[in-house]
Amino acid sequence: LYGLPENDPKARIVVVPVPFDATTSYRSGTRNGPAAILQASYQIDLYDIDFGDPWKKGIVMLPLDRGLARKVGSLNTEARRYSAPVIASGGASGNRKALNEVNRRGARVNELVEETVADLLAHGRMPVVLGGDHSTPFGAIRAYAARYPGLGILHIDAHADLRDAYEGFM
């Protein structure tokens, strides 16, 4: 990330790529966000006139080709096969089996992200999730909330995403 060393065990900030977009309703592709940001990061100037060199505290990105990202990518491929007909029909009515298959895989993604983030927090690091669709931060939020009761969340999105479910996807 940013052309910095990839395996800095002392890096304070760890970007956790979560390439999952099985429940995007408009079109797929947000799973490619972490890879696109990684590629674009090489063009960013690391010096900031207001903050100096904050990167010197260390920042790394978990690999996109193994570990969590690879597992999530596989789950995304499986879930996307089931979610496409649900999305095309405008919701879950009449397609409960497909919906359950997607939600099962999405729940597994949340578990994997939660485990990864909890481990990083336990080692004094600051994980930052970079996804995918609106569901990618759920596991991280659970891990942070368990470690920091009373947690507040700053949510930045083009729309609120405050529904319990959208088209039946959890």
# chains A, B, ... in the order shown; residues from 1 in each chain; ligands from 1
>>> select_by_dssp(residues="region 53-170 of chain A", states="strand (DSSP E or B)", output="PyMOL selection string")
chain A and resi 59-61+126-131+166+169
>>> residues_around(residues="Met61 (chain A)", least_positions_apart="6", cutoff="7 Å", atoms="only C-alpha atoms", output="list of chain:residue names")
A:Leu1, A:Glu6, A:Val14, A:Val15, A:Val16
>>> write_last_selection(atoms="N, CA and C atoms", output="PDB file, in the first residue's frame")
ATOM      1  N   LEU A   1       0.854  -1.170   0.000  1.00  0.00           N
ATOM      2  CA  LEU A   1       0.000   0.000   0.000  1.00  0.00           C
ATOM      3  C   LEU A   1       0.897   1.229   0.000  1.00  0.00           C
ATOM      4  N   GLU A   6       5.412  -4.321   2.708  1.00  0.00           N
ATOM      5  CA  GLU A   6       4.185  -5.098   2.859  1.00  0.00           C
ATOM      6  C   GLU A   6       4.108  -5.853   4.187  1.00  0.00           C
ATOM      7  N   VAL A  14      -3.573  -1.411   9.916  1.00  0.00           N
ATOM      8  CA  VAL A  14      -3.627  -2.560   9.023  1.00  0.00           C
ATOM      9  C   VAL A  14      -4.920  -2.484   8.219  1.00  0.00           C
ATOM     10  N   VAL A  15      -4.793  -2.317   6.922  1.00  0.00           N
ATOM     11  CA  VAL A  15      -5.952  -2.288   6.037  1.00  0.00           C
ATOM     12  C   VAL A  15      -6.348  -3.731   5.752  1.00  0.00           C
ATOM     13  N   VAL A  16      -7.624  -4.025   6.013  1.00  0.00           N
ATOM     14  CA  VAL A  16      -8.157  -5.376   5.860  1.00  0.00           C
ATOM     15  C   VAL A  16      -9.061  -5.392   4.625  1.00  0.00           C
TER      16      VAL A  16
END
>>> residues_around(residues="region 118-121 of chain A", least_positions_apart="5", cutoff="7 Å", atoms="only C-alpha atoms", output="ChimeraX atom specification")
/A:126-127,143
>>> select_by_dssp(residues="region 21-170 of chain A", states="alpha helix (DSSP H)", output="JSON, numbers by chain")
{"A": [33, 34, 35, 36, 37, 38, 39, 40, 41, 67, 68, 69, 70, 71, 72, 73, 74, 75, 76, 77, 78, 79, 80, 81, 82, 83, 84, 85, 86, 87, 88, 96, 97, 98, 99, 100, 101, 102, 103, 104, 105, 106, 107, 108, 109, 110, 111, 112, 113, 114, 115, 116, 117, 118, 119, 120, 121, 122, 138, 139, 140, 141, 142, 143, 144, 145, 146, 147]}
>>> residues_around(residues="Arg96 (chain A)", least_positions_apart="6", cutoff="12 Å", atoms="only C-alpha atoms", output="short mmCIF file (atom, residue, chain, number, x, y, z; two decimals) with C-alpha atoms, in the first residue's frame")
data_model
loop_
_atom_site.label_atom_id
_atom_site.label_comp_id
_atom_site.auth_asym_id
_atom_site.auth_seq_id
_atom_site.Cartn_x
_atom_site.Cartn_y
_atom_site.Cartn_z
CA TYR A 82 -27.29 -17.28 -5.75
CA SER A 83 -27.84 -13.53 -5.39
CA PRO A 85 -31.53 -14.20 -9.63
CA VAL A 86 -32.80 -12.64 -6.39
CA VAL A 102 -26.38 -15.84 0.13
CA ASN A 103 -27.07 -14.90 3.75
CA ARG A 104 -25.21 -17.99 5.00
CA GLU A 167 -34.25 -7.44 -0.91
CA GLY A 168 -34.04 -10.03 1.86
CA PHE A 169 -30.24 -9.90 2.16
#
>>> closest_residue(among="A:Ile141, A:Gln43, A:Ser25, A:Gly67", to="Val128 (chain A)", atoms="only C-alpha atoms")
A:Ile141
>>> closest_residue(among="A:Thr77, A:Thr136, A:Thr23, A:Thr116", to="Leu99 (chain A)", atoms="only C-alpha atoms")
A:Thr23
>>> atom_distance(atom1="CA of Gly58 (chain A)", atom2="CA of Tyr42 (chain A)")
15.6 Å
>>> atom_distance(atom1="CA of Pro19 (chain A)", atom2="CA of Leu46 (chain A)")
25.0 Å
>>> residues_around(residues="region 154-160 of chain A", least_positions_apart="6", cutoff="12 Å", atoms="only C-alpha atoms", output="PyMOL selection string")
chain A and resi 133-134+137-138+141
>>> write_last_selection(atoms="N, CA and C atoms", output="mmCIF file, in the first residue's frame")
data_model
loop_
_atom_site.group_PDB
_atom_site.id
_atom_site.type_symbol
_atom_site.label_atom_id
_atom_site.label_comp_id
_atom_site.auth_asym_id
_atom_site.auth_seq_id
_atom_site.Cartn_x
_atom_site.Cartn_y
_atom_site.Cartn_z
ATOM 1 N N ASP A 133 -19.228 -4.410 -0.543
ATOM 2 C CA ASP A 133 -20.569 -3.846 -0.400
ATOM 3 C C ASP A 133 -20.846 -3.389 1.029
ATOM 4 N N HIS A 134 -22.075 -2.961 1.257
ATOM 5 C CA HIS A 134 -22.448 -2.371 2.537
ATOM 6 C C HIS A 134 -22.316 -3.326 3.715
ATOM 7 N N PRO A 137 -18.373 -4.167 6.641
ATOM 8 C CA PRO A 137 -17.848 -3.765 7.954
ATOM 9 C C PRO A 137 -18.516 -4.431 9.155
ATOM 10 N N PHE A 138 -19.571 -5.225 8.970
ATOM 11 C CA PHE A 138 -20.315 -5.751 10.117
ATOM 12 C C PHE A 138 -19.441 -6.542 11.085
ATOM 13 N N ILE A 141 -17.188 -4.186 12.997
ATOM 14 C CA ILE A 141 -17.932 -3.427 14.014
ATOM 15 C C ILE A 141 -18.140 -4.295 15.255
#
>>> atom_distance(atom1="CA of Asp50 (chain A)", atom2="CA of Tyr2 (chain A)")
18.8 Å
>>> closest_residue(among="A:Val72, A:Val117, A:Lys97, A:Arg108", to="Val18 (chain A)", atoms="only C-alpha atoms")
A:Val72
>>> closest_residue(among="A:Leu130, A:Ala79, A:Ala122, A:Leu4", to="Asn32 (chain A)", atoms="only C-alpha atoms")
A:Leu130
>>> decode(residues="region 27-52 of chain A", atoms="N, CA, C and O atoms", output="CSV table (one decimal), in the first residue's frame")
chain,number,residue,atom,x,y,z
A,27,ARG,N,-25.1,-3.2,-9.6
A,27,ARG,CA,-24.3,-4.0,-10.4
A,27,ARG,C,-23.1,-4.4,-9.5
A,27,ARG,O,-22.7,-3.8,-8.6
A,28,SER,N,-22.5,-5.6,-9.9
A,28,SER,CA,-21.3,-6.0,-9.1
A,28,SER,C,-20.1,-5.3,-9.5
A,28,SER,O,-20.1,-4.5,-10.5
A,29,GLY,N,-19.1,-5.4,-8.7
A,29,GLY,CA,-17.8,-4.8,-9.1
A,29,GLY,C,-17.1,-4.1,-7.9
A,29,GLY,O,-15.9,-3.9,-7.9
A,30,THR,N,-17.9,-3.8,-6.8
A,30,THR,CA,-17.3,-3.2,-5.7
A,30,THR,C,-16.3,-4.1,-5.0
A,30,THR,O,-15.4,-3.6,-4.2
A,31,ARG,N,-16.4,-5.4,-5.3
A,31,ARG,CA,-15.4,-6.3,-4.7
A,31,ARG,C,-14.0,-6.0,-5.2
A,31,ARG,O,-13.0,-6.3,-4.6
A,32,ASN,N,-13.9,-5.3,-6.3
A,32,ASN,CA,-12.6,-4.9,-6.9
A,32,ASN,C,-12.0,-3.6,-6.2
A,32,ASN,O,-10.9,-3.2,-6.6
A,33,GLY,N,-12.8,-3.0,-5.3
A,33,GLY,CA,-12.4,-1.8,-4.7
A,33,GLY,C,-11.0,-1.9,-4.0
A,33,GLY,O,-10.1,-1.0,-4.2
A,34,PRO,N,-10.8,-2.9,-3.1
A,34,PRO,CA,-9.5,-3.0,-2.5
A,34,PRO,C,-8.3,-3.0,-3.4
A,34,PRO,O,-7.3,-2.4,-3.2
A,35,ALA,N,-8.5,-3.8,-4.5
A,35,ALA,CA,-7.4,-3.9,-5.5
A,35,ALA,C,-7.2,-2.6,-6.2
A,35,ALA,O,-6.0,-2.2,-6.5
A,36,ALA,N,-8.2,-2.0,-6.5
A,36,ALA,CA,-8.1,-0.7,-7.3
A,36,ALA,C,-7.5,0.4,-6.4
A,36,ALA,O,-6.7,1.2,-6.9
A,37,ILE,N,-7.9,0.4,-5.1
A,37,ILE,CA,-7.3,1.4,-4.2
A,37,ILE,C,-5.8,1.1,-4.0
A,37,ILE,O,-5.0,2.0,-3.9
A,38,LEU,N,-5.5,-0.2,-3.8
A,38,LEU,CA,-4.1,-0.5,-3.7
A,38,LEU,C,-3.3,0.0,-4.9
A,38,LEU,O,-2.2,0.6,-4.7
A,39,GLN,N,-3.8,-0.3,-6.1
A,39,GLN,CA,-3.1,0.2,-7.3
A,39,GLN,C,-3.0,1.7,-7.4
A,39,GLN,O,-1.9,2.2,-7.7
A,40,ALA,N,-4.0,2.4,-7.0
A,40,ALA,CA,-4.0,3.9,-7.1
A,40,ALA,C,-3.2,4.5,-6.0
A,40,ALA,O,-2.6,5.6,-6.1
A,41,SER,N,-3.0,3.7,-4.9
A,41,SER,CA,-2.2,4.3,-3.7
A,41,SER,C,-0.8,4.6,-4.1
A,41,SER,O,-0.2,5.5,-3.4
A,42,TYR,N,-0.2,4.0,-5.1
A,42,TYR,CA,1.1,4.3,-5.5
A,42,TYR,C,1.3,5.7,-6.1
A,42,TYR,O,2.4,6.2,-6.2
A,43,GLN,N,0.2,6.3,-6.4
A,43,GLN,CA,0.2,7.7,-7.0
A,43,GLN,C,0.0,8.8,-6.0
A,43,GLN,O,0.1,9.9,-6.3
A,44,ILE,N,-0.1,8.4,-4.7
A,44,ILE,CA,-0.4,9.4,-3.7
A,44,ILE,C,0.9,9.9,-3.0
A,44,ILE,O,1.7,9.1,-2.7
A,45,ASP,N,0.9,11.2,-2.8
A,45,ASP,CA,2.1,11.8,-2.1
A,45,ASP,C,1.9,11.5,-0.6
A,45,ASP,O,0.8,11.9,-0.1
A,46,LEU,N,2.8,11.0,0.0
A,46,LEU,CA,2.7,10.6,1.4
A,46,LEU,C,2.9,11.8,2.4
A,46,LEU,O,2.5,11.6,3.6
A,47,TYR,N,3.4,12.9,2.0
A,47,TYR,CA,3.6,14.0,2.9
A,47,TYR,C,2.3,14.8,2.9
A,47,TYR,O,1.7,15.1,1.8
A,48,ASP,N,1.9,15.2,4.1
A,48,ASP,CA,0.7,16.1,4.2
A,48,ASP,C,1.1,17.4,4.9
A,48,ASP,O,1.7,17.3,6.0
A,49,ILE,N,0.7,18.5,4.3
A,49,ILE,CA,1.1,19.8,4.8
A,49,ILE,C,0.6,20.0,6.3
A,49,ILE,O,1.3,20.7,7.1
A,50,ASP,N,-0.6,19.5,6.6
A,50,ASP,CA,-1.1,19.7,7.9
A,50,ASP,C,-0.6,18.6,8.9
A,50,ASP,O,-0.5,18.9,10.1
A,51,PHE,N,-0.4,17.4,8.5
A,51,PHE,CA,-0.1,16.3,9.4
A,51,PHE,C,1.3,15.8,9.3
A,51,PHE,O,1.7,14.9,10.0
A,52,GLY,N,2.1,16.3,8.3
A,52,GLY,CA,3.5,15.8,8.2
A,52,GLY,C,3.5,14.4,7.5
A,52,GLY,O,3.0,14.2,6.4
